[in-house]
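Asker: my_file.txt (compact mmCIF, C-alpha atoms) pasted underneath:
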```
# COMPACT_ATOMS: atom_id res chain seq x y z
CA MET A 1 20.71 -68.89 -127.07
CA ASP A 2 22.25 -70.42 -130.22
CA TYR A 3 21.47 -67.25 -132.11
CA TYR A 4 24.02 -65.28 -130.13
CA SER A 5 27.82 -65.26 -130.05
CA THR A 6 29.11 -67.71 -127.38
CA TYR A 7 30.45 -64.75 -125.42
CA ILE A 8 26.93 -63.30 -125.24
CA SER A 9 25.36 -66.70 -124.45
CA ARG A 10 27.77 -67.24 -121.58
CA LEU A 11 27.03 -63.81 -120.15
CA ILE A 12 23.28 -64.53 -120.39
CA GLU A 13 23.90 -67.85 -118.60
CA GLU A 14 25.80 -66.15 -115.76
CA PHE A 15 22.99 -63.63 -115.22
CA GLY A 16 20.46 -66.48 -115.45
CA ARG A 17 22.14 -68.18 -112.48
CA LEU A 18 21.30 -65.27 -110.19
CA PRO A 19 18.29 -65.93 -107.95
CA GLY A 20 14.96 -64.68 -109.31
CA ILE A 21 16.42 -63.79 -112.72
CA GLY A 22 14.60 -65.61 -115.54
CA GLY A 23 15.73 -66.15 -119.12
CA LYS A 24 14.26 -62.95 -120.56
CA THR A 25 15.66 -60.77 -117.78
CA ALA A 26 19.08 -62.43 -118.11
CA GLN A 27 19.09 -61.50 -121.81
CA ARG A 28 18.07 -57.95 -121.03
CA LEU A 29 20.84 -57.58 -118.42
CA ALA A 30 23.51 -59.14 -120.66
CA PHE A 31 22.73 -56.78 -123.53
CA HIS A 32 22.65 -53.87 -121.10
CA ILE A 33 26.22 -54.76 -120.07
CA LEU A 34 27.31 -54.94 -123.73
CA ASN A 35 25.91 -51.45 -124.25
CA GLN A 36 27.85 -49.99 -121.32
CA SER A 37 31.26 -48.36 -121.79
CA ASP A 38 34.42 -50.45 -121.28
CA GLU A 39 35.08 -48.39 -118.17
CA GLN A 40 31.67 -49.10 -116.65
CA VAL A 41 31.95 -52.84 -117.24
CA LYS A 42 35.46 -52.95 -115.79
CA GLN A 43 34.22 -51.09 -112.73
CA PHE A 44 31.33 -53.53 -112.20
CA ALA A 45 33.72 -56.50 -112.44
CA ARG A 46 36.22 -54.82 -110.10
CA VAL A 47 33.55 -53.97 -107.49
CA MET A 48 32.31 -57.58 -107.59
CA LEU A 49 35.82 -59.03 -107.14
CA ASP A 50 36.72 -56.50 -104.43
CA ALA A 51 33.58 -57.25 -102.44
CA LYS A 52 34.21 -60.99 -102.66
CA GLU A 53 37.86 -60.55 -101.65
CA LYS A 54 37.47 -58.05 -98.82
CA VAL A 55 34.21 -59.10 -97.21
CA HIS A 56 34.26 -61.96 -94.69
CA TYR A 57 32.60 -62.91 -91.42
CA CYS A 58 32.92 -60.76 -88.28
CA GLN A 59 34.95 -62.82 -85.77
CA CYS A 60 32.36 -62.08 -83.13
CA CYS A 61 28.81 -61.84 -84.57
CA GLN A 62 29.56 -63.51 -87.96
CA THR A 63 27.96 -60.74 -90.01
CA LEU A 64 29.51 -59.90 -93.39
CA THR A 65 32.04 -57.10 -92.91
CA ASP A 66 35.40 -55.91 -94.21
CA ARG A 67 36.84 -55.60 -90.67
CA ASP A 68 37.97 -58.34 -88.26
CA ILE A 69 35.34 -57.19 -85.78
CA CYS A 70 32.34 -55.37 -87.29
CA PRO A 71 31.45 -51.75 -86.34
CA ILE A 72 28.52 -52.89 -84.16
CA CYS A 73 30.50 -55.48 -82.18
CA SER A 74 33.35 -53.00 -81.68
CA SER A 75 31.10 -50.08 -80.65
CA ASP A 76 31.19 -48.92 -77.00
CA LYS A 77 27.58 -47.81 -77.24
CA ARG A 78 26.08 -51.25 -77.80
CA ASP A 79 24.90 -53.48 -74.99
CA LYS A 80 26.99 -56.66 -75.39
CA SER A 81 24.82 -58.58 -72.92
CA THR A 82 21.84 -58.68 -75.31
CA ILE A 83 22.29 -60.74 -78.46
CA MET A 84 19.71 -60.74 -81.24
CA VAL A 85 20.00 -63.86 -83.40
CA VAL A 86 19.12 -63.29 -87.09
CA GLU A 87 19.35 -65.43 -90.20
CA THR A 88 21.17 -62.98 -92.48
CA THR A 89 23.17 -59.76 -92.59
CA ARG A 90 20.18 -58.24 -94.39
CA ASP A 91 17.89 -59.08 -91.45
CA MET A 92 20.41 -57.42 -89.16
CA ALA A 93 20.40 -54.31 -91.39
CA ALA A 94 16.58 -54.30 -91.23
CA TYR A 95 16.69 -54.07 -87.40
CA GLU A 96 19.48 -51.47 -87.55
CA ARG A 97 17.24 -49.31 -89.71
CA THR A 98 14.74 -49.09 -86.84
CA GLY A 99 17.47 -47.20 -84.95
CA GLN A 100 16.01 -48.43 -81.65
CA TYR A 101 17.84 -51.67 -80.89
CA GLU A 102 20.88 -51.14 -78.68
CA GLY A 103 22.13 -54.70 -78.24
CA VAL A 104 24.40 -56.69 -80.54
CA TYR A 105 23.65 -59.39 -83.10
CA HIS A 106 24.53 -62.91 -84.09
CA VAL A 107 24.14 -63.84 -87.74
CA LEU A 108 23.46 -67.54 -88.42
CA HIS A 109 23.68 -67.34 -92.23
CA GLY A 110 20.66 -69.55 -92.71
CA ALA A 111 18.15 -71.59 -90.74
CA ILE A 112 17.83 -75.28 -89.98
CA ASP A 113 16.07 -76.88 -92.96
CA PRO A 114 16.18 -80.71 -93.04
CA MET A 115 14.31 -80.72 -96.38
CA LYS A 116 17.25 -78.90 -97.97
CA GLY A 117 19.80 -80.82 -95.90
CA ILE A 118 20.75 -77.77 -93.83
CA GLY A 119 21.52 -79.05 -90.35
CA VAL A 120 22.73 -77.59 -87.07
CA ASN A 121 26.35 -77.60 -88.22
CA ASP A 122 25.65 -75.79 -91.48
CA ILE A 123 24.71 -72.54 -89.79
CA ARG A 124 26.80 -70.47 -87.34
CA LEU A 125 25.38 -71.96 -84.13
CA LYS A 126 28.70 -73.15 -82.68
CA GLU A 127 29.88 -69.53 -82.68
CA LEU A 128 26.72 -68.49 -80.82
CA ILE A 129 27.23 -71.15 -78.13
CA GLU A 130 30.79 -69.89 -77.72
CA ARG A 131 29.52 -66.35 -77.14
CA LEU A 132 27.10 -67.50 -74.43
CA LYS A 133 30.12 -68.22 -72.20
CA GLY A 134 30.57 -64.45 -71.90
CA ASP A 135 28.40 -62.03 -69.92
CA VAL A 136 25.10 -62.52 -71.74
CA LYS A 137 21.74 -61.67 -70.15
CA GLU A 138 19.30 -62.18 -73.01
CA VAL A 139 19.18 -63.93 -76.37
CA ILE A 140 16.45 -62.51 -78.65
CA VAL A 141 15.65 -64.98 -81.42
CA ALA A 142 14.68 -63.01 -84.55
CA THR A 143 14.82 -65.79 -87.14
CA ASN A 144 12.07 -65.62 -89.76
CA LEU A 145 8.50 -66.52 -88.81
CA GLY A 146 8.29 -69.62 -91.00
CA VAL A 147 8.79 -73.35 -90.54
CA GLU A 148 12.62 -73.21 -90.74
CA GLY A 149 12.95 -70.03 -88.70
CA ASP A 150 10.65 -71.43 -86.02
CA ALA A 151 12.51 -74.76 -85.91
CA THR A 152 15.79 -72.88 -85.54
CA ALA A 153 14.25 -70.70 -82.80
CA LEU A 154 13.12 -73.82 -80.90
CA TYR A 155 16.57 -75.38 -81.23
CA ILE A 156 18.23 -72.21 -79.88
CA ARG A 157 15.68 -72.01 -77.04
CA ASN A 158 16.51 -75.58 -75.96
CA LEU A 159 20.19 -74.77 -76.21
CA VAL A 160 20.14 -71.51 -74.23
CA LYS A 161 17.44 -72.25 -71.62
CA PRO A 162 19.57 -74.69 -69.52
CA THR A 163 22.32 -72.05 -69.18
CA GLY A 164 19.90 -69.79 -67.27
CA ILE A 165 20.17 -67.00 -69.86
CA LYS A 166 16.81 -65.45 -70.82
CA VAL A 167 15.62 -66.45 -74.30
CA THR A 168 12.91 -64.49 -76.11
CA ARG A 169 11.35 -64.66 -79.54
CA ILE A 170 10.19 -61.58 -81.53
CA ALA A 171 6.39 -61.25 -81.56
CA SER A 172 4.39 -62.69 -84.41
CA GLY A 173 1.12 -61.07 -85.48
CA VAL A 174 -0.63 -58.70 -87.84
CA PRO A 175 1.86 -56.18 -89.29
CA VAL A 176 1.24 -52.47 -88.65
CA GLY A 177 -1.04 -51.14 -91.41
CA GLY A 178 -2.02 -54.72 -92.20
CA ASP A 179 -5.58 -55.22 -93.42
CA LEU A 180 -7.12 -58.09 -91.45
CA GLU A 181 -8.96 -59.57 -94.44
CA CYS A 182 -5.67 -59.82 -96.38
CA ILE A 183 -3.73 -61.61 -93.63
CA ASP A 184 -3.29 -65.39 -93.73
CA GLU A 185 -4.99 -67.61 -91.13
CA VAL A 186 -1.79 -68.72 -89.39
CA THR A 187 -0.81 -65.11 -88.72
CA LEU A 188 -4.34 -64.26 -87.54
CA LEU A 189 -4.26 -67.14 -85.06
CA ARG A 190 -0.78 -66.18 -83.84
CA ALA A 191 -1.98 -62.62 -83.33
CA LEU A 192 -4.98 -63.93 -81.35
CA ASN A 193 -2.90 -66.25 -79.18
CA GLY A 194 -0.35 -63.53 -78.55
CA ARG A 195 -2.93 -60.92 -77.59
CA VAL A 196 -1.85 -58.33 -75.03
CA GLU A 197 -4.04 -56.82 -72.29
CA GLN A 198 -4.74 -53.11 -72.80
CA MET B 199 22.96 -48.90 -97.19
CA ASP B 200 24.91 -47.39 -94.28
CA TYR B 201 24.46 -50.58 -92.34
CA TYR B 202 26.71 -52.52 -94.69
CA SER B 203 30.44 -52.49 -95.36
CA THR B 204 31.29 -50.03 -98.18
CA TYR B 205 32.34 -52.99 -100.34
CA ILE B 206 28.84 -54.44 -99.99
CA SER B 207 27.14 -51.06 -100.51
CA ARG B 208 29.09 -50.49 -103.71
CA LEU B 209 28.16 -53.93 -105.02
CA ILE B 210 24.49 -53.24 -104.23
CA GLU B 211 24.81 -49.90 -106.09
CA GLU B 212 26.26 -51.59 -109.17
CA PHE B 213 23.42 -54.12 -109.29
CA GLY B 214 20.93 -51.30 -108.66
CA ARG B 215 22.13 -49.58 -111.86
CA LEU B 216 20.97 -52.50 -113.99
CA PRO B 217 17.64 -51.88 -115.76
CA GLY B 218 14.58 -53.15 -113.92
CA ILE B 219 16.54 -54.02 -110.77
CA GLY B 220 15.16 -52.21 -107.70
CA GLY B 221 16.81 -51.67 -104.35
CA LYS B 222 15.60 -54.88 -102.70
CA THR B 223 16.59 -57.05 -105.66
CA ALA B 224 19.99 -55.35 -105.85
CA GLN B 225 20.59 -56.30 -102.20
CA ARG B 226 19.48 -59.87 -102.82
CA LEU B 227 21.82 -60.20 -105.82
CA ALA B 228 24.79 -58.61 -104.00
CA PHE B 229 24.47 -61.00 -101.06
CA HIS B 230 24.05 -63.90 -103.46
CA ILE B 231 27.41 -62.97 -105.02
CA LEU B 232 29.05 -62.78 -101.57
CA ASN B 233 27.75 -66.28 -100.83
CA GLN B 234 29.24 -67.73 -104.03
CA SER B 235 32.69 -69.33 -104.08
CA ASP B 236 35.72 -67.21 -105.08
CA GLU B 237 35.91 -69.29 -108.24
CA GLN B 238 32.31 -68.58 -109.23
CA VAL B 239 32.64 -64.84 -108.67
CA LYS B 240 35.90 -64.72 -110.63
CA GLN B 241 34.22 -66.57 -113.48
CA PHE B 242 31.27 -64.16 -113.56
CA ALA B 243 33.63 -61.16 -113.68
CA ARG B 244 35.76 -62.85 -116.37
CA VAL B 245 32.73 -63.72 -118.54
CA MET B 246 31.50 -60.12 -118.26
CA LEU B 247 34.88 -58.64 -119.23
CA ASP B 248 35.38 -61.17 -122.05
CA ALA B 249 31.97 -60.45 -123.53
CA LYS B 250 32.59 -56.70 -123.42
CA GLU B 251 36.05 -57.12 -124.96
CA LYS B 252 35.26 -59.64 -127.70
CA VAL B 253 31.79 -58.64 -128.81
CA HIS B 254 31.42 -55.79 -131.31
CA TYR B 255 29.27 -54.88 -134.30
CA CYS B 256 29.16 -57.04 -137.44
CA GLN B 257 30.76 -54.99 -140.24
CA CYS B 258 27.81 -55.79 -142.44
CA CYS B 259 24.53 -56.02 -140.50
CA GLN B 260 25.74 -54.31 -137.27
CA THR B 261 24.50 -57.10 -134.99
CA LEU B 262 26.54 -57.89 -131.87
CA THR B 263 28.99 -60.67 -132.70
CA ASP B 264 32.53 -61.82 -131.94
CA ARG B 265 33.42 -62.14 -135.62
CA ASP B 266 34.17 -59.43 -138.22
CA ILE B 267 31.20 -60.62 -140.26
CA CYS B 268 28.47 -62.44 -138.29
CA PRO B 269 27.49 -66.08 -139.10
CA ILE B 270 24.26 -65.00 -140.81
CA CYS B 271 25.89 -62.40 -143.07
CA SER B 272 28.65 -64.88 -143.99
CA SER B 273 26.31 -67.81 -144.65
CA ASP B 274 25.88 -69.01 -148.25
CA LYS B 275 22.36 -70.14 -147.47
CA ARG B 276 20.95 -66.71 -146.71
CA ASP B 277 19.33 -64.51 -149.33
CA LYS B 278 21.41 -61.31 -149.27
CA SER B 279 18.88 -59.43 -151.40
CA THR B 280 16.29 -59.35 -148.61
CA ILE B 281 17.18 -57.25 -145.56
CA MET B 282 15.03 -57.24 -142.43
CA VAL B 283 15.61 -54.11 -140.35
CA VAL B 284 15.28 -54.66 -136.58
CA GLU B 285 15.95 -52.48 -133.55
CA THR B 286 18.12 -54.89 -131.54
CA THR B 287 20.14 -58.10 -131.71
CA ARG B 288 17.47 -59.63 -129.46
CA ASP B 289 14.77 -58.83 -132.03
CA MET B 290 16.94 -60.49 -134.67
CA ALA B 291 17.28 -63.58 -132.45
CA ALA B 292 13.48 -63.63 -132.03
CA TYR B 293 13.03 -63.89 -135.83
CA GLU B 294 15.85 -66.45 -136.08
CA ARG B 295 13.96 -68.63 -133.61
CA THR B 296 11.08 -68.89 -136.07
CA GLY B 297 13.52 -70.78 -138.33
CA GLN B 298 11.60 -69.59 -141.39
CA TYR B 299 13.24 -66.35 -142.44
CA GLU B 300 15.93 -66.85 -145.08
CA GLY B 301 17.05 -63.29 -145.72
CA VAL B 302 19.61 -61.26 -143.78
CA TYR B 303 19.21 -58.53 -141.17
CA HIS B 304 20.20 -55.01 -140.34
CA VAL B 305 20.33 -54.04 -136.67
CA LEU B 306 19.71 -50.35 -135.93
CA HIS B 307 20.50 -50.53 -132.19
CA GLY B 308 17.58 -48.33 -131.30
CA ALA B 309 14.79 -46.34 -132.89
CA ILE B 310 14.32 -42.65 -133.61
CA ASP B 311 13.00 -41.05 -130.42
CA PRO B 312 13.08 -37.23 -130.38
CA MET B 313 11.74 -37.21 -126.80
CA LYS B 314 14.91 -38.99 -125.65
CA GLY B 315 17.10 -37.06 -128.07
CA ILE B 316 17.76 -40.12 -130.25
CA GLY B 317 17.98 -38.87 -133.81
CA VAL B 318 18.71 -40.31 -137.23
CA ASN B 319 22.47 -40.27 -136.64
CA ASP B 320 22.28 -42.07 -133.29
CA ILE B 321 21.12 -45.35 -134.79
CA ARG B 322 22.82 -47.39 -137.51
CA LEU B 323 20.93 -45.96 -140.50
CA LYS B 324 24.01 -44.75 -142.43
CA GLU B 325 25.22 -48.35 -142.59
CA LEU B 326 21.81 -49.44 -143.94
CA ILE B 327 21.91 -46.80 -146.69
CA GLU B 328 25.40 -48.03 -147.61
CA ARG B 329 24.08 -51.58 -147.99
CA LEU B 330 21.27 -50.47 -150.32
CA LYS B 331 23.94 -49.75 -152.97
CA GLY B 332 24.37 -53.50 -153.34
CA ASP B 333 21.95 -55.96 -154.94
CA VAL B 334 18.95 -55.51 -152.64
CA LYS B 335 15.40 -56.41 -153.73
CA GLU B 336 13.41 -55.90 -150.52
CA VAL B 337 13.77 -54.11 -147.19
CA ILE B 338 11.41 -55.52 -144.52
CA VAL B 339 11.01 -53.04 -141.69
CA ALA B 340 10.54 -54.98 -138.43
CA THR B 341 11.03 -52.20 -135.91
CA ASN B 342 8.70 -52.37 -132.91
CA LEU B 343 5.04 -51.52 -133.34
CA GLY B 344 5.09 -48.40 -131.17
CA VAL B 345 5.48 -44.67 -131.72
CA GLU B 346 9.29 -44.77 -132.07
CA GLY B 347 9.35 -47.96 -134.12
CA ASP B 348 6.66 -46.60 -136.46
CA ALA B 349 8.45 -43.25 -136.85
CA THR B 350 11.66 -45.12 -137.69
CA ALA B 351 9.77 -47.32 -140.15
CA LEU B 352 8.34 -44.24 -141.87
CA TYR B 353 11.79 -42.65 -142.07
CA ILE B 354 13.25 -45.80 -143.63
CA ARG B 355 10.35 -46.04 -146.06
CA ASN B 356 10.95 -42.48 -147.29
CA LEU B 357 14.64 -43.27 -147.57
CA VAL B 358 14.34 -46.51 -149.50
CA LYS B 359 11.28 -45.85 -151.68
CA PRO B 360 13.06 -43.40 -154.10
CA THR B 361 15.74 -46.01 -154.83
CA GLY B 362 13.08 -48.29 -156.33
CA ILE B 363 13.76 -51.06 -153.81
CA LYS B 364 10.60 -52.66 -152.36
CA VAL B 365 9.93 -51.64 -148.73
CA THR B 366 7.53 -53.62 -146.54
CA ARG B 367 6.49 -53.42 -142.89
CA ILE B 368 5.68 -56.49 -140.77
CA ALA B 369 1.93 -56.90 -140.19
CA SER B 370 0.36 -55.45 -137.09
CA GLY B 371 -2.70 -57.09 -135.56
CA VAL B 372 -4.07 -59.47 -132.96
CA PRO B 373 -1.36 -61.94 -131.84
CA VAL B 374 -2.01 -65.67 -132.35
CA GLY B 375 -3.85 -67.00 -129.29
CA GLY B 376 -4.77 -63.42 -128.41
CA ASP B 377 -8.14 -62.93 -126.73
CA LEU B 378 -9.96 -60.08 -128.48
CA GLU B 379 -11.36 -58.62 -125.28
CA CYS B 380 -7.86 -58.30 -123.82
CA ILE B 381 -6.35 -56.51 -126.83
CA ASP B 382 -5.94 -52.72 -126.82
CA GLU B 383 -8.01 -50.55 -129.18
CA VAL B 384 -5.09 -49.43 -131.34
CA THR B 385 -4.18 -53.03 -132.12
CA LEU B 386 -7.83 -53.94 -132.78
CA LEU B 387 -8.12 -51.08 -135.28
CA ARG B 388 -4.84 -52.01 -136.97
CA ALA B 389 -6.06 -55.60 -137.28
CA LEU B 390 -9.31 -54.34 -138.81
CA ASN B 391 -7.59 -52.01 -141.26
CA GLY B 392 -5.11 -54.73 -142.22
CA ARG B 393 -7.81 -57.37 -142.80
CA VAL B 394 -7.05 -59.98 -145.49
CA GLU B 395 -9.58 -61.53 -147.88
CA GLN B 396 -10.12 -65.23 -147.22
```
Please rewrite the model in this file as structure tokens.
Answerer:
Amino acid sequence: MDYYSTYISRLIEEFGRLPGIGGKTAQRLAFHILNQSDEQVKQFARVMLDAKEKVHYCQCCQTLTDRDICPICSSDKRDKSTIMVVETTRDMAAYERTGQYEGVYHVLHGAIDPMKGIGVNDIRLKELIERLKGDVKEVIVATNLGVEGDATALYIRNLVKPTGIKVTRIASGVPVGGDLECIDEVTLLRALNGRVEQ
Amino acid sequence: MDYYSTYISRLIEEFGRLPGIGGKTAQRLAFHILNQSDEQVKQFARVMLDAKEKVHYCQCCQTLTDRDICPICSSDKRDKSTIMVVETTRDMAAYERTGQYEGVYHVLHGAIDPMKGIGVNDIRLKELIERLKGDVKEVIVATNLGVEGDATALYIRNLVKPTGIKVTRIASGVPVGGDLECIDEVTLLRALNGRVEQ
């Protein structure tokens, strides 16, 4: 790093702070930026600042949006009585891509993770509880199928169950096209335990 | 992309334009930015704009620097009569890290590549020729050891040779710690042809 101008070193450092970007990649990206036109670099900076300024949480489902209420929450075509709980806006987009889900969402922005000090109050659970006071028939918990996602799912189950609202969890098993011999043991056992009569 | 706010989609697009960053990574990086504090995002944008504004080519060796003449070219301790020609500022930094080279550099910012339409006038060769008018004893060609780097090396050799200045090319062979059975045939042959008496 000492072999570069401080301006270059600082740019490399900023790229290096991004998740999954190592030292070599950070250098590559920084020099790529320096080789772009003034106009292109200004545009990148502007787009970054605009996104940060304009994007905030949907007042209803907490997804990242530039409106007060996101397009899904404000759509007439969506079934407001079914709420799918996901960890991130990206998970929500993944289900939207299926084009088959007609309910609405609730984005937690994380999962309970005591090891990382992420507790119940660090994710958007309060906002979910608030929504349950409305006309809700089912809460589908679609947090990730790992330790944190499962712990969060259990917490939500215990929270929703007493209210009489139906709580479900997305199925866990062998993915479509998955090759049995390449699938981990935990998934194989979950698939076995969750077997469905044909 | 349609499932996100346009501000988010545009940020994903900008990240996706960076070299080696695919669609999934671009999404991950964009959402990482949205999860940073206003202050952090402003700093990233500022560092990017500053670097682009302040960094330009050294008037002598053409490396990227924030000074008129870079620290190496303006150092009393460097031997100005030996010029190592490299393709990029990163290659120059790689040789600086060895801590052993005492000459100066010349950065071409690319290599001749007819397939990509990069010709003699698209890299900083004119500036190198200009420097040869000074008191230069040796030109070490350290362009990459590939088709383009070799073609560029040959071009420089033919350019410098008639002036009577010594032209050398860095050695090509098996890297230190390299396992013979993992090395490609071209490198193995180069190492054989370049063998040194012990």
Asker: Given the choices B:Ile219, B:Met282, B:Ala369, B:Leu209, which gets closest to chain A if the distance is worked out from all atoms listed in the file?
Answerer: B:Leu209
Asker: Please report, as JSON lines, each residue of chain A lying at most 8 Å from chain B, together with the nearest pair of atoms and the separation in Å rounded to one decimal; use only C-alpha atoms, and order rows by chain and ascending residue number.
Answerer:
```
{"residue": "A:Tyr3", "atom": "CA", "partner": "B:Ala291", "partner_atom": "CA", "distance": 5.6}
{"residue": "A:Tyr4", "atom": "CA", "partner": "B:Thr263", "partner_atom": "CA", "distance": 7.2}
{"residue": "A:Ser5", "atom": "CA", "partner": "B:Thr263", "partner_atom": "CA", "distance": 5.4}
{"residue": "A:Tyr7", "atom": "CA", "partner": "B:Ala249", "partner_atom": "CA", "distance": 4.9}
{"residue": "A:Ile8", "atom": "CA", "partner": "B:Ala249", "partner_atom": "CA", "distance": 6.0}
{"residue": "A:Arg10", "atom": "CA", "partner": "B:Val245", "partner_atom": "CA", "distance": 6.8}
{"residue": "A:Leu11", "atom": "CA", "partner": "B:Val245", "partner_atom": "CA", "distance": 5.9}
{"residue": "A:Glu14", "atom": "CA", "partner": "B:Phe242", "partner_atom": "CA", "distance": 6.2}
{"residue": "A:Leu18", "atom": "CA", "partner": "B:Leu227", "partner_atom": "CA", "distance": 6.7}
{"residue": "A:Pro19", "atom": "CA", "partner": "B:Leu227", "partner_atom": "CA", "distance": 7.1}
{"residue": "A:Leu29", "atom": "CA", "partner": "B:Leu216", "partner_atom": "CA", "distance": 6.7}
{"residue": "A:His32", "atom": "CA", "partner": "B:Leu216", "partner_atom": "CA", "distance": 7.4}
{"residue": "A:Ile33", "atom": "CA", "partner": "B:Lys250", "partner_atom": "CA", "distance": 7.5}
{"residue": "A:Leu34", "atom": "CA", "partner": "B:Lys250", "partner_atom": "CA", "distance": 5.6}
{"residue": "A:Asp38", "atom": "CA", "partner": "B:Lys250", "partner_atom": "CA", "distance": 6.9}
{"residue": "A:Val41", "atom": "CA", "partner": "B:Leu247", "partner_atom": "CA", "distance": 6.8}
{"residue": "A:Lys42", "atom": "CA", "partner": "B:Leu247", "partner_atom": "CA", "distance": 6.7}
{"residue": "A:Phe44", "atom": "CA", "partner": "B:Glu212", "partner_atom": "CA", "distance": 6.2}
{"residue": "A:Ala45", "atom": "CA", "partner": "B:Ala243", "partner_atom": "CA", "distance": 4.8}
{"residue": "A:Arg46", "atom": "CA", "partner": "B:Ala243", "partner_atom": "CA", "distance": 7.7}
{"residue": "A:Val47", "atom": "CA", "partner": "B:Leu209", "partner_atom": "CA", "distance": 5.9}
{"residue": "A:Met48", "atom": "CA", "partner": "B:Leu209", "partner_atom": "CA", "distance": 6.1}
{"residue": "A:Leu49", "atom": "CA", "partner": "B:Lys240", "partner_atom": "CA", "distance": 6.7}
{"residue": "A:Asp50", "atom": "CA", "partner": "B:Tyr205", "partner_atom": "CA", "distance": 6.9}
{"residue": "A:Ala51", "atom": "CA", "partner": "B:Tyr205", "partner_atom": "CA", "distance": 4.9}
{"residue": "A:Lys52", "atom": "CA", "partner": "B:Leu232", "partner_atom": "CA", "distance": 5.6}
{"residue": "A:Glu53", "atom": "CA", "partner": "B:Asp236", "partner_atom": "CA", "distance": 7.8}
{"residue": "A:Lys54", "atom": "CA", "partner": "B:Tyr205", "partner_atom": "CA", "distance": 7.4}
{"residue": "A:Val55", "atom": "CA", "partner": "B:Tyr205", "partner_atom": "CA", "distance": 7.1}
{"residue": "A:Leu64", "atom": "CA", "partner": "B:Ser203", "partner_atom": "CA", "distance": 7.7}
{"residue": "A:Thr65", "atom": "CA", "partner": "B:Ser203", "partner_atom": "CA", "distance": 5.5}
{"residue": "A:Asp66", "atom": "CA", "partner": "B:Ser203", "partner_atom": "CA", "distance": 6.1}
{"residue": "A:Ala93", "atom": "CA", "partner": "B:Tyr201", "partner_atom": "CA", "distance": 5.6}
{"residue": "A:Glu96", "atom": "CA", "partner": "B:Tyr201", "partner_atom": "CA", "distance": 7.0}
{"residue": "A:Arg97", "atom": "CA", "partner": "B:Tyr201", "partner_atom": "CA", "distance": 7.8}
```
Asker: Would you save the residues of that selection, restricted to C-alpha atoms, as a PDB file, in the frame of the given file?
Answerer:
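Generated file (selection_38.pdb):
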```
ATOM      1  CA  TYR A   3      21.470 -67.250-132.110  1.00  0.00           C
ATOM      2  CA  TYR A   4      24.020 -65.280-130.130  1.00  0.00           C
ATOM      3  CA  SER A   5      27.820 -65.260-130.050  1.00  0.00           C
ATOM      4  CA  TYR A   7      30.450 -64.750-125.420  1.00  0.00           C
ATOM      5  CA  ILE A   8      26.930 -63.300-125.240  1.00  0.00           C
ATOM      6  CA  ARG A  10      27.770 -67.240-121.580  1.00  0.00           C
ATOM      7  CA  LEU A  11      27.030 -63.810-120.150  1.00  0.00           C
ATOM      8  CA  GLU A  14      25.800 -66.150-115.760  1.00  0.00           C
ATOM      9  CA  LEU A  18      21.300 -65.270-110.190  1.00  0.00           C
ATOM     10  CA  PRO A  19      18.290 -65.930-107.950  1.00  0.00           C
ATOM     11  CA  LEU A  29      20.840 -57.580-118.420  1.00  0.00           C
ATOM     12  CA  HIS A  32      22.650 -53.870-121.100  1.00  0.00           C
ATOM     13  CA  ILE A  33      26.220 -54.760-120.070  1.00  0.00           C
ATOM     14  CA  LEU A  34      27.310 -54.940-123.730  1.00  0.00           C
ATOM     15  CA  ASP A  38      34.420 -50.450-121.280  1.00  0.00           C
ATOM     16  CA  VAL A  41      31.950 -52.840-117.240  1.00  0.00           C
ATOM     17  CA  LYS A  42      35.460 -52.950-115.790  1.00  0.00           C
ATOM     18  CA  PHE A  44      31.330 -53.530-112.200  1.00  0.00           C
ATOM     19  CA  ALA A  45      33.720 -56.500-112.440  1.00  0.00           C
ATOM     20  CA  ARG A  46      36.220 -54.820-110.100  1.00  0.00           C
ATOM     21  CA  VAL A  47      33.550 -53.970-107.490  1.00  0.00           C
ATOM     22  CA  MET A  48      32.310 -57.580-107.590  1.00  0.00           C
ATOM     23  CA  LEU A  49      35.820 -59.030-107.140  1.00  0.00           C
ATOM     24  CA  ASP A  50      36.720 -56.500-104.430  1.00  0.00           C
ATOM     25  CA  ALA A  51      33.580 -57.250-102.440  1.00  0.00           C
ATOM     26  CA  LYS A  52      34.210 -60.990-102.660  1.00  0.00           C
ATOM     27  CA  GLU A  53      37.860 -60.550-101.650  1.00  0.00           C
ATOM     28  CA  LYS A  54      37.470 -58.050 -98.820  1.00  0.00           C
ATOM     29  CA  VAL A  55      34.210 -59.100 -97.210  1.00  0.00           C
ATOM     30  CA  LEU A  64      29.510 -59.900 -93.390  1.00  0.00           C
ATOM     31  CA  THR A  65      32.040 -57.100 -92.910  1.00  0.00           C
ATOM     32  CA  ASP A  66      35.400 -55.910 -94.210  1.00  0.00           C
ATOM     33  CA  ALA A  93      20.400 -54.310 -91.390  1.00  0.00           C
ATOM     34  CA  GLU A  96      19.480 -51.470 -87.550  1.00  0.00           C
ATOM     35  CA  ARG A  97      17.240 -49.310 -89.710  1.00  0.00           C
TER      36      ARG A  97
END
```
Asker: Which is closer to Lys137 in chain A than all the others in A:Asp184, A:Asp150, A:Asp79, A:Asp91, using all atoms listed in the file?
Answerer: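 Under the stated criterion, the closest residue is A:Asp79.
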Asker: Taking all atoms listed in the file into account, name the residue in A:Gly110, A:Arg190, A:Thr82, A:Asn158 that is nearest to Gly134 in chain A.
Answerer: A:Thr82
Asker: I'd like the interatomic distance between CA of Ala309 in chain B and CA of Glu285 in chain B, to a tenth of an Å.
Answerer: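 If I compute the distance from CA of Ala309 in chain B to CA of Glu285 in chain B, I get 6.3 Å.
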Asker: Contacts of Leu343 in chain B at 10 Å or less, counting all atoms listed in the file, minus same-chain residues fewer than 5 places along, as a list of chain:residue names?
Answerer: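 Contacts, in chain order: B:Asp348, B:Ala349, B:Ala351, B:Arg367, B:Ile368, B:Ala369, B:Ser370, B:Gly371, B:Thr385.
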